[in-house]
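The file structure-v1.cif comes next; it holds mmCIF, C-alpha atoms and all ligand atoms.
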```cif
data_input
loop_
_atom_site.label_atom_id
_atom_site.label_comp_id
_atom_site.auth_asym_id
_atom_site.auth_seq_id
_atom_site.Cartn_x
_atom_site.Cartn_y
_atom_site.Cartn_z
CA LEU A 1 9.30 -38.46 14.10
CA SER A 2 8.21 -37.58 17.62
CA GLU A 3 8.13 -33.91 16.59
CA PRO A 4 6.61 -33.10 13.19
CA SER A 5 9.32 -32.83 10.59
CA HIS A 6 9.85 -29.28 9.32
CA HIS A 7 9.09 -30.55 5.81
CA GLY A 8 7.75 -33.62 4.07
CA GLY A 9 10.02 -36.01 2.23
CA ASN A 10 12.58 -36.62 4.98
CA LEU A 11 13.22 -40.30 4.34
CA ARG A 12 16.31 -40.35 6.50
CA LEU A 13 14.21 -39.56 9.58
CA ALA A 14 11.59 -42.12 8.59
CA LEU A 15 14.28 -44.74 8.12
CA GLN A 16 15.79 -43.94 11.48
CA LYS A 17 12.45 -44.25 13.20
CA TYR A 18 10.83 -47.22 11.46
CA GLY A 19 13.87 -49.07 10.19
CA LEU A 20 12.36 -50.25 6.91
CA GLY A 21 14.66 -49.98 3.88
CA SER A 22 14.02 -46.85 1.80
CA GLN A 23 12.33 -49.13 -0.78
CA GLY A 24 9.85 -50.21 1.91
CA PHE A 25 8.32 -46.74 2.23
CA VAL A 26 5.72 -44.94 0.22
CA ASP A 27 6.27 -41.26 0.80
CA PHE A 28 2.96 -39.39 0.89
CA SER A 29 4.63 -36.53 2.76
CA ALA A 30 6.41 -34.94 -0.24
CA ASN A 31 3.99 -33.47 -2.78
CA LEU A 32 5.85 -34.28 -6.00
CA ASN A 33 4.58 -35.36 -9.40
CA PRO A 34 3.41 -38.97 -8.83
CA LEU A 35 4.71 -40.05 -12.25
CA GLY A 36 8.33 -39.49 -11.21
CA PRO A 37 10.77 -37.77 -13.59
CA PRO A 38 10.08 -38.11 -17.35
CA VAL A 39 12.05 -41.02 -18.86
CA ARG A 40 13.96 -38.66 -21.15
CA VAL A 41 15.22 -36.75 -18.10
CA LEU A 42 16.70 -39.90 -16.60
CA GLU A 43 18.30 -40.76 -19.96
CA VAL A 44 19.84 -37.31 -20.31
CA ILE A 45 21.31 -37.58 -16.82
CA LYS A 46 22.79 -41.02 -17.53
CA ASN A 47 24.17 -39.92 -20.90
CA ASN A 48 25.79 -36.81 -19.47
CA ILE A 49 27.24 -38.16 -16.29
CA ASP A 50 30.72 -37.05 -17.45
CA LYS A 51 29.52 -33.43 -17.02
CA VAL A 52 30.09 -33.77 -13.28
CA TYR A 53 33.75 -32.90 -14.00
CA SER A 54 33.04 -29.47 -15.51
CA TYR A 55 31.53 -26.30 -14.11
CA PRO A 56 27.94 -25.67 -15.17
CA ASP A 57 26.98 -22.75 -17.39
CA PRO A 58 26.55 -20.04 -14.72
CA GLU A 59 23.93 -18.29 -16.88
CA CYS A 60 21.84 -21.42 -17.57
CA THR A 61 21.65 -20.08 -21.13
CA GLN A 62 19.97 -22.95 -22.92
CA LEU A 63 17.47 -23.73 -20.21
CA LYS A 64 16.60 -20.06 -19.92
CA GLU A 65 16.05 -19.88 -23.68
CA ARG A 66 13.73 -22.85 -23.55
CA ILE A 67 11.73 -21.47 -20.61
CA SER A 68 11.38 -18.09 -22.25
CA SER A 69 10.24 -19.49 -25.60
CA GLN A 70 7.75 -21.88 -23.98
CA LEU A 71 6.22 -19.21 -21.79
CA GLY A 72 6.42 -16.41 -24.32
CA VAL A 73 8.46 -14.12 -22.05
CA ALA A 74 11.77 -12.33 -22.69
CA GLU A 75 14.94 -14.17 -21.60
CA GLY A 76 15.85 -11.19 -19.44
CA ASP A 77 12.65 -11.74 -17.45
CA VAL A 78 13.73 -15.24 -16.34
CA ILE A 79 15.92 -16.39 -13.46
CA VAL A 80 16.76 -20.10 -13.07
CA THR A 81 17.40 -21.25 -9.51
CA ASN A 82 18.47 -24.22 -7.44
CA GLY A 83 14.89 -25.18 -6.65
CA ALA A 84 12.11 -22.67 -6.10
CA ASN A 85 13.39 -22.38 -2.57
CA GLU A 86 16.56 -20.57 -3.60
CA LEU A 87 14.40 -17.98 -5.30
CA ILE A 88 12.37 -17.41 -2.11
CA TYR A 89 15.64 -16.63 -0.30
CA LEU A 90 16.85 -14.34 -3.10
CA ILE A 91 13.58 -12.40 -2.96
CA CYS A 92 13.86 -11.98 0.82
CA ALA A 93 17.50 -10.90 0.39
CA HIS A 94 16.27 -8.25 -2.06
CA PHE A 95 13.68 -6.95 0.43
CA SER A 96 16.04 -7.40 3.37
CA GLY A 97 15.08 -5.32 6.40
CA GLY A 98 11.65 -4.46 4.93
CA LYS A 99 8.23 -5.80 5.79
CA ALA A 100 6.64 -8.99 4.42
CA LEU A 101 3.06 -10.19 4.44
CA LEU A 102 2.55 -13.96 4.52
CA VAL A 103 -0.63 -15.97 4.08
CA GLU A 104 -1.11 -18.77 6.62
CA PRO A 105 -1.35 -21.69 6.72
CA GLY A 106 1.36 -21.57 4.08
CA PHE A 107 4.75 -22.88 3.03
CA SER A 108 7.09 -22.36 5.98
CA GLU A 109 10.15 -21.33 3.96
CA TYR A 110 8.68 -17.86 3.33
CA LEU A 111 8.87 -17.19 7.05
CA ASP A 112 12.30 -18.82 7.44
CA ALA A 113 13.70 -16.79 4.55
CA ALA A 114 12.04 -13.57 5.81
CA ARG A 115 13.58 -14.10 9.23
CA ALA A 116 16.98 -14.92 7.73
CA PHE A 117 16.98 -11.48 6.06
CA CYS A 118 15.50 -9.60 9.03
CA LEU A 119 12.16 -8.77 7.44
CA ASP A 120 9.38 -7.71 9.73
CA VAL A 121 6.51 -10.16 9.14
CA ALA A 122 2.73 -9.68 9.18
CA PHE A 123 0.26 -12.51 8.64
CA TYR A 124 -3.09 -12.96 6.94
CA PHE A 125 -4.96 -16.12 8.00
CA LEU A 126 -7.11 -18.19 5.65
CA ARG A 127 -10.33 -19.36 7.28
CA GLU A 128 -11.13 -22.98 7.88
CA ASP A 129 -14.86 -22.30 7.42
CA ARG A 130 -14.01 -21.17 3.87
CA ASN A 131 -11.97 -24.34 3.31
CA PHE A 132 -8.86 -22.14 3.49
CA VAL A 133 -9.69 -20.50 0.16
CA MET A 134 -8.62 -16.88 -0.07
CA ASP A 135 -11.32 -14.27 -0.63
CA SER A 136 -9.62 -11.56 -2.67
CA ASP A 137 -11.83 -8.70 -1.37
CA ASP A 138 -11.33 -9.71 2.23
CA PHE A 139 -7.59 -10.05 1.65
CA LEU A 140 -7.25 -6.62 0.05
CA ASN A 141 -9.45 -4.95 2.68
CA SER A 142 -8.10 -6.54 5.82
CA ALA A 143 -4.50 -7.60 5.15
CA ARG A 144 -3.36 -4.00 4.57
CA PRO A 145 -1.04 -4.64 1.62
CA GLU A 146 -0.24 -0.92 1.55
CA SER A 147 1.68 -1.33 4.80
CA VAL A 148 4.21 -3.90 3.50
CA ASP A 149 7.01 -4.17 0.92
CA VAL A 150 6.52 -7.73 -0.27
CA ILE A 151 3.64 -10.22 -0.20
CA PHE A 152 3.89 -13.98 -0.77
CA ILE A 153 0.82 -15.78 -2.07
CA CYS A 154 0.97 -19.45 -2.99
CA ASN A 155 -1.49 -20.49 -5.70
CA PRO A 156 -2.53 -23.31 -5.45
CA ASN A 157 -1.78 -23.05 -1.76
CA ASN A 158 0.39 -25.55 0.07
CA PRO A 159 -0.67 -27.28 2.37
CA THR A 160 -4.37 -26.49 1.91
CA GLY A 161 -4.70 -27.52 -1.74
CA MET A 162 -7.05 -24.98 -3.31
CA MET A 163 -6.43 -22.58 -6.15
CA ILE A 164 -7.77 -19.04 -6.44
CA SER A 165 -9.31 -18.48 -9.88
CA HIS A 166 -7.58 -16.35 -12.49
CA ASP A 167 -10.14 -13.55 -12.08
CA GLU A 168 -9.69 -13.44 -8.32
CA MET A 169 -5.92 -13.43 -8.74
CA VAL A 170 -6.12 -10.55 -11.22
CA LYS A 171 -8.01 -8.55 -8.57
CA VAL A 172 -5.29 -9.36 -6.04
CA VAL A 173 -2.48 -8.44 -8.45
CA ARG A 174 -4.18 -5.16 -9.31
CA GLY A 175 -4.94 -4.34 -5.66
CA CYS A 176 -1.36 -5.06 -4.56
CA GLU A 177 0.09 -2.97 -7.39
CA GLN A 178 -2.16 -0.06 -6.38
CA SER A 179 -1.09 -0.44 -2.76
CA GLY A 180 2.57 -0.20 -3.77
CA ALA A 181 3.50 -3.66 -2.44
CA PHE A 182 5.50 -6.15 -4.49
CA LEU A 183 3.58 -9.40 -5.03
CA VAL A 184 5.19 -12.82 -5.29
CA VAL A 185 2.86 -15.52 -6.60
CA ASP A 186 4.28 -18.96 -5.92
CA GLU A 187 2.90 -21.21 -8.66
CA SER A 188 5.03 -24.21 -7.71
CA PHE A 189 1.99 -26.50 -8.02
CA VAL A 190 0.00 -24.83 -10.78
CA GLU A 191 1.19 -27.22 -13.50
CA LEU A 192 -0.08 -30.17 -11.44
CA SER A 193 -3.43 -28.51 -10.74
CA ASP A 194 -6.76 -28.75 -12.56
CA PHE A 195 -6.33 -25.18 -13.79
CA PRO A 196 -2.82 -24.73 -15.22
CA ASP A 197 -4.14 -22.00 -17.55
CA ASP A 198 -5.15 -19.88 -14.56
CA SER A 199 -1.48 -19.00 -14.07
CA VAL A 200 -0.81 -15.27 -13.89
CA ILE A 201 2.56 -15.44 -15.68
CA GLY A 202 0.91 -13.50 -18.53
CA LEU A 203 0.42 -10.52 -16.19
CA VAL A 204 4.14 -9.95 -15.66
CA LYS A 205 4.33 -7.90 -18.87
CA LYS A 206 1.69 -5.51 -17.54
CA PHE A 207 2.42 -5.33 -13.81
CA ARG A 208 5.92 -4.33 -12.75
CA LYS A 209 5.61 -5.32 -9.10
CA LEU A 210 4.93 -8.99 -9.73
CA LEU A 211 7.10 -12.11 -9.69
CA ILE A 212 5.98 -15.67 -10.39
CA ILE A 213 7.78 -18.64 -8.85
CA ARG A 214 7.74 -22.07 -10.50
CA SER A 215 9.19 -25.32 -9.17
CA MET A 216 10.34 -27.86 -11.73
CA THR A 217 11.29 -29.94 -8.69
CA LYS A 218 7.57 -30.42 -8.01
CA SER A 219 6.20 -30.47 -11.55
CA TYR A 220 8.76 -32.92 -12.94
CA GLY A 221 9.75 -34.93 -9.86
CA LEU A 222 13.33 -33.61 -9.55
CA ALA A 223 13.65 -33.24 -5.77
CA GLY A 224 17.11 -34.82 -5.66
CA ILE A 225 18.65 -32.38 -8.13
CA ARG A 226 16.51 -29.25 -7.52
CA LEU A 227 15.27 -26.84 -10.15
CA GLY A 228 13.11 -23.74 -10.11
CA TYR A 229 12.68 -20.49 -11.94
CA GLY A 230 11.11 -17.07 -11.61
CA ILE A 231 9.51 -14.64 -14.04
CA SER A 232 9.41 -10.90 -13.40
CA ASN A 233 10.50 -7.60 -14.93
CA SER A 234 14.12 -7.58 -16.13
CA ASP A 235 15.28 -4.95 -13.59
CA LEU A 236 14.23 -7.05 -10.65
CA ILE A 237 15.60 -10.22 -12.29
CA CYS A 238 18.99 -8.44 -12.70
CA ASN A 239 18.96 -7.56 -9.03
CA LEU A 240 18.19 -11.12 -8.00
CA LEU A 241 20.88 -12.50 -10.32
CA ARG A 242 23.46 -10.29 -8.62
CA LYS A 243 22.59 -11.93 -5.32
CA GLN A 244 22.58 -15.50 -6.63
CA PRO A 245 25.73 -17.53 -5.92
CA THR A 246 27.59 -18.36 -9.14
CA TRP A 247 27.05 -21.96 -10.44
CA SER A 248 24.01 -22.40 -8.22
CA VAL A 249 22.23 -24.60 -10.75
CA ASN A 250 24.33 -27.67 -11.58
CA SER A 251 24.84 -29.06 -15.10
CA LEU A 252 22.66 -32.12 -14.67
CA ALA A 253 19.78 -30.02 -13.34
CA GLN A 254 20.06 -27.67 -16.34
CA LEU A 255 20.04 -30.58 -18.80
CA ALA A 256 17.22 -32.29 -16.91
CA GLY A 257 15.18 -29.08 -17.11
CA GLU A 258 15.70 -28.77 -20.85
CA ALA A 259 14.75 -32.40 -21.43
CA ALA A 260 11.70 -32.11 -19.19
CA LEU A 261 10.39 -29.13 -21.13
CA THR A 262 10.57 -31.05 -24.43
CA ASP A 263 8.16 -33.72 -23.14
CA SER A 264 4.96 -32.09 -24.26
CA ASN A 265 2.60 -34.80 -22.96
CA TYR A 266 4.02 -35.40 -19.57
CA LEU A 267 2.23 -32.66 -17.60
CA ALA A 268 -1.14 -33.43 -19.20
CA ARG A 269 -0.71 -37.13 -18.34
CA SER A 270 0.29 -36.16 -14.80
CA ARG A 271 -2.81 -34.01 -14.34
CA GLU A 272 -5.04 -36.78 -15.63
CA LEU A 273 -3.58 -39.28 -13.17
CA ILE A 274 -3.79 -36.79 -10.30
CA ALA A 275 -7.45 -35.91 -10.98
CA LEU A 276 -8.47 -39.57 -11.23
CA GLU A 277 -6.54 -40.74 -8.19
CA ARG A 278 -7.58 -37.74 -6.11
CA LYS A 279 -11.23 -38.65 -6.69
CA LEU A 280 -10.61 -42.24 -5.55
CA LEU A 281 -8.68 -41.06 -2.50
CA PHE A 282 -11.50 -38.66 -1.54
CA GLU A 283 -13.98 -41.53 -1.80
CA GLY A 284 -11.74 -43.80 0.24
CA LEU A 285 -11.26 -41.11 2.89
CA MET A 286 -15.00 -40.62 3.44
CA ARG A 287 -15.32 -41.82 7.00
CA PRO A 288 -16.77 -40.25 10.14
CA ASP A 289 -13.45 -39.76 11.90
CA ILE A 290 -11.71 -37.89 9.05
CA LYS A 291 -12.55 -34.56 7.45
CA THR A 292 -11.04 -33.82 4.05
CA TYR A 293 -10.73 -30.35 2.54
CA PRO A 294 -11.37 -29.79 -1.17
CA SER A 295 -8.33 -29.87 -3.43
CA ASN A 296 -7.64 -29.12 -7.05
CA VAL A 297 -4.02 -30.12 -6.94
CA ASN A 298 -1.75 -33.11 -6.18
CA PHE A 299 -2.29 -33.28 -2.42
CA ILE A 300 -5.12 -33.36 0.09
CA LEU A 301 -5.34 -31.74 3.51
CA LEU A 302 -7.23 -33.78 6.09
CA ARG A 303 -8.14 -33.50 9.72
CA LEU A 304 -8.69 -36.19 12.33
CA LEU A 305 -12.06 -35.47 13.91
CA ASN A 306 -11.87 -37.79 16.89
CA ASN A 307 -9.75 -35.92 19.38
CA LYS A 308 -9.21 -39.12 21.33
CA ILE A 309 -6.88 -40.13 18.50
CA SER A 310 -3.41 -38.79 19.05
CA PRO A 311 -1.96 -37.44 15.79
CA TRP A 312 1.35 -38.98 16.81
CA ASN A 313 -0.24 -42.42 17.10
CA PHE A 314 -1.90 -41.96 13.72
CA GLU A 315 1.38 -41.00 12.10
CA ASP A 316 3.19 -43.81 13.86
CA TYR A 317 0.57 -46.39 12.91
CA LEU A 318 1.05 -45.52 9.24
CA GLY A 319 4.83 -45.17 9.56
CA ARG A 320 5.15 -48.68 10.95
CA ARG A 321 3.34 -49.86 7.82
CA GLY A 322 5.79 -48.03 5.55
CA ILE A 323 3.52 -45.05 4.87
CA ILE A 324 4.82 -41.56 5.52
CA VAL A 325 2.36 -38.69 5.76
CA ARG A 326 2.95 -35.02 6.49
CA ASN A 327 1.92 -34.11 10.02
CA CYS A 328 0.74 -30.50 9.60
CA SER A 329 0.41 -29.60 13.27
CA ASN A 330 3.35 -27.21 13.00
CA PHE A 331 1.77 -25.06 10.26
CA MET A 332 0.57 -21.69 11.55
CA GLY A 333 -3.23 -21.63 11.43
CA LEU A 334 -3.61 -25.43 11.52
CA GLY A 335 -2.68 -27.41 14.64
CA ASP A 336 -2.99 -30.93 16.01
CA GLY A 337 -4.86 -33.44 13.88
CA PHE A 338 -4.12 -31.93 10.44
CA PHE A 339 -2.27 -34.05 7.89
CA ARG A 340 -1.37 -33.65 4.23
CA ILE A 341 -1.16 -36.56 1.85
CA ALA A 342 0.24 -36.42 -1.67
CA ILE A 343 -1.67 -38.06 -4.53
CA ARG A 344 0.45 -40.96 -5.73
CA THR A 345 0.00 -43.86 -8.16
CA LYS A 346 -3.05 -46.12 -7.90
CA GLU A 347 -1.13 -48.98 -6.30
CA GLU A 348 0.38 -46.66 -3.69
CA ASN A 349 -2.90 -44.90 -2.95
CA LEU A 350 -4.61 -48.26 -2.46
CA ARG A 351 -1.88 -49.18 0.00
CA LEU A 352 -2.61 -46.01 1.98
CA LEU A 353 -6.37 -46.65 1.98
CA ALA A 354 -5.86 -50.28 3.05
CA ALA A 355 -3.68 -49.15 5.96
CA LEU A 356 -6.28 -46.52 6.92
CA ASN A 357 -9.03 -49.09 6.82
CA GLY A 358 -7.15 -51.04 9.46
CA PHE A 359 -6.85 -47.96 11.63
CA GLN A 360 -9.29 -47.92 14.55
CA HIS A 361 -8.89 -45.37 17.27
CA ASP A 362 -9.61 -47.93 20.01
CA ALA A 363 -6.49 -49.79 18.88
CA PHE A 364 -4.56 -47.29 21.02
C1 LIG B 1 4.82 -23.73 -2.15
C2 LIG B 1 6.22 -24.18 -2.34
N1 LIG B 1 7.08 -23.34 -2.93
C3 LIG B 1 8.36 -23.69 -3.13
C4 LIG B 1 8.83 -24.92 -2.71
C5 LIG B 1 10.26 -25.25 -2.93
O1 LIG B 1 10.38 -25.91 -4.13
P1 LIG B 1 11.77 -26.56 -4.56
O2 LIG B 1 11.75 -27.95 -4.03
O3 LIG B 1 11.75 -26.47 -6.05
O4 LIG B 1 12.84 -25.74 -3.95
C6 LIG B 1 7.98 -25.82 -2.09
C7 LIG B 1 8.47 -27.10 -1.61
O5 LIG B 1 7.84 -27.81 -0.86
C8 LIG B 1 6.63 -25.43 -1.89
O6 LIG B 1 5.76 -26.24 -1.30
#
```

Show the structure stored in the file as structure tokens.
Ligand SMILES: Cc1ncc(COP(=O)(O)O)c(C=O)c1O
Amino acid sequence: LSEPSHHGGNLRLALQKYGLGSQGFVDFSANLNPLGPPVRVLEVIKNNIDKVYSYPDPECTQLKERISSQLGVAEGDVIVTNGANELIYLICAHFSGGKALLVEPGFSEYLDAARAFCLDVAFYFLREDRNFVMDSDDFLNSARPESVDVIFICNPNNPTGMMISHDEMVKVVRGCEQSGAFLVVDESFVELSDFPDDSVIGLVKKFRKLLIIRSMTKSYGLAGIRLGYGISNSDLICNLLRKQPTWSVNSLAQLAGEAALTDSNYLARSRELIALERKLLFEGLMRPDIKTYPSNVNFILLRLLNNKISPWNFEDYLGRRGIIVRNCSNFMGLGDGFFRIAIRTKEENLRLLAALNGFQHDAF
């Protein structure tokens, strides 16, 4: 881990570097649901293990039906993908050769996908003195949405952790539509946030140039099998489906998704745990050498204030104690000293705080 990993959750690298068994680590670098997958998802996978011999339903019919009935959208407005990430690549393939506008600091796959499909990229930077919260008026006035084909906005934003309110988002959606740009709102974390009802999925019926991304990987802890979906108008969805490789979403992921969506309590329980544990983590992180940024989701962005502390030493100190955090120095608009930690279970969070309590900069 001498260079920051491109993403969180790379346990192979951590294992290589620190040599503890994978059980010895607590991974605060991947921002997944701290509850882990719902029990019924694990049962469905075990009970259907024989499905590995057959091809999956290429249309994801049953899962699509369930998503559409739960969200109150038409089945033709839904695309199911191999993680939200596949959808990001399909969108960039659709706008291939055009111009994209990205908000930074933001999820790095937008830029990777844009580059893979030769999009010209412009950036809008969130301001640290506003805790990296987007101001919709400033965005619409200064980011020049009229000059691009597609805009990616992540709400709540990863890695900064704040959500723009529904009203602000409506202004952005309206402004982008008027400017002629297509708006992608990545709501991969909205179901784990304090404001799940601030989702703008409901606006898809009214605004044609809008697509919402959701990650069941994040919301239901399915990183090993991958699952995501998108909601937009049926013409665009048809176009994206034509670009999607056949059988992209495997059988176990489809069944896991269906089972996850039948667990009506799970997301509410997850949000309760996240809100409680986030408060305790914020309290535990109140110390003069660390600045935390406000969060209303399942991760916290922090910054080391003492520039005598090398971020590498900080990361290494925790890594040697079996704690993996996300070094955010390679995010555009952040830089050395920024880290992201996921909210995990009480026991795990206490382990992080105990390790941090032992961390003194003069130890280096
Ligand atoms: C904002 C955001 N969108 C999409 C993804 C990709 O989600 P998935 O793991 O479902 O592909 C991630 C993963 O980190 C993310 O942070």

Let me see if you get this right: every residue at most 7 Å from ligand LIG 1 (chain B), counting all atoms listed in the file, written as a PyMOL selection string. chain A and resi 82-86+107+154+157-158+186+188+215-218+223+226-228

Around the point (-2.8, -25.3, -3.7), in the coordinates given by the file, pick out the residues reaching within 9 Å, counting all atoms listed in the file, and return them as a ChimeraX atom specification. /A:154-164,187-190,193,295-299

Using C-alpha atoms, can you export the residues from the last selection as a PDB file, keeping the file's coordinate frame?
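Resulting contents of out_37.pdb:
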```pdb
ATOM      1  CA  CYS A 154       0.970 -19.450  -2.990  1.00  0.00           C
ATOM      2  CA  ASN A 155      -1.490 -20.490  -5.700  1.00  0.00           C
ATOM      3  CA  PRO A 156      -2.530 -23.310  -5.450  1.00  0.00           C
ATOM      4  CA  ASN A 157      -1.780 -23.050  -1.760  1.00  0.00           C
ATOM      5  CA  ASN A 158       0.390 -25.550   0.070  1.00  0.00           C
ATOM      6  CA  PRO A 159      -0.670 -27.280   2.370  1.00  0.00           C
ATOM      7  CA  THR A 160      -4.370 -26.490   1.910  1.00  0.00           C
ATOM      8  CA  GLY A 161      -4.700 -27.520  -1.740  1.00  0.00           C
ATOM      9  CA  MET A 162      -7.050 -24.980  -3.310  1.00  0.00           C
ATOM     10  CA  MET A 163      -6.430 -22.580  -6.150  1.00  0.00           C
ATOM     11  CA  ILE A 164      -7.770 -19.040  -6.440  1.00  0.00           C
ATOM     12  CA  GLU A 187       2.900 -21.210  -8.660  1.00  0.00           C
ATOM     13  CA  SER A 188       5.030 -24.210  -7.710  1.00  0.00           C
ATOM     14  CA  PHE A 189       1.990 -26.500  -8.020  1.00  0.00           C
ATOM     15  CA  VAL A 190       0.000 -24.830 -10.780  1.00  0.00           C
ATOM     16  CA  SER A 193      -3.430 -28.510 -10.740  1.00  0.00           C
ATOM     17  CA  SER A 295      -8.330 -29.870  -3.430  1.00  0.00           C
ATOM     18  CA  ASN A 296      -7.640 -29.120  -7.050  1.00  0.00           C
ATOM     19  CA  VAL A 297      -4.020 -30.120  -6.940  1.00  0.00           C
ATOM     20  CA  ASN A 298      -1.750 -33.110  -6.180  1.00  0.00           C
ATOM     21  CA  PHE A 299      -2.290 -33.280  -2.420  1.00  0.00           C
TER      22      PHE A 299
END
```

Nearest to Ile201 (chain A) among A:Glu348, A:Asp149, A:Glu65, A:Asp77, with distances taken over all atoms listed in the file: which residue is it?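 Of A:Glu348, A:Asp149, A:Glu65, A:Asp77, the one nearest Ile201 (chain A), counting all atoms listed in the file, is A:Asp77.
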
Please list as a list of chain:residue names every residue within 8 Å of Val148 (chain A), counting all atoms listed in the file and excluding residues in the same chain fewer than 2 positions away.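 Selected residues are A:Gly98, A:Lys99, A:Ala100, A:Leu101, A:Arg144, A:Pro145, A:Glu146, A:Val150, A:Ile151, A:Ala181.
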
What is the distance between CA of Tyr266 (chain A) and CA of Ile343 (chain A), in Å to one decimal?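 We find that CA of Tyr266 (chain A) and CA of Ile343 (chain A) lie 16.3 Å from each other.
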
Within 7 Å of (20.2, -16.3, -9.3), only C-alpha atoms: residues as a PyMOL selection string? chain A and resi 79-81+240-245

Please produce an output containing C-alpha atoms for each residue in the selection, written as a tab-separated table (two decimals), in the frame of the given file.
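again-v1.tsv written:
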```tsv
chain	number	residue	atom	x	y	z
A	79	ILE	CA	15.92	-16.39	-13.46
A	80	VAL	CA	16.76	-20.10	-13.07
A	81	THR	CA	17.40	-21.25	-9.51
A	240	LEU	CA	18.19	-11.12	-8.00
A	241	LEU	CA	20.88	-12.50	-10.32
A	242	ARG	CA	23.46	-10.29	-8.62
A	243	LYS	CA	22.59	-11.93	-5.32
A	244	GLN	CA	22.58	-15.50	-6.63
A	245	PRO	CA	25.73	-17.53	-5.92
```
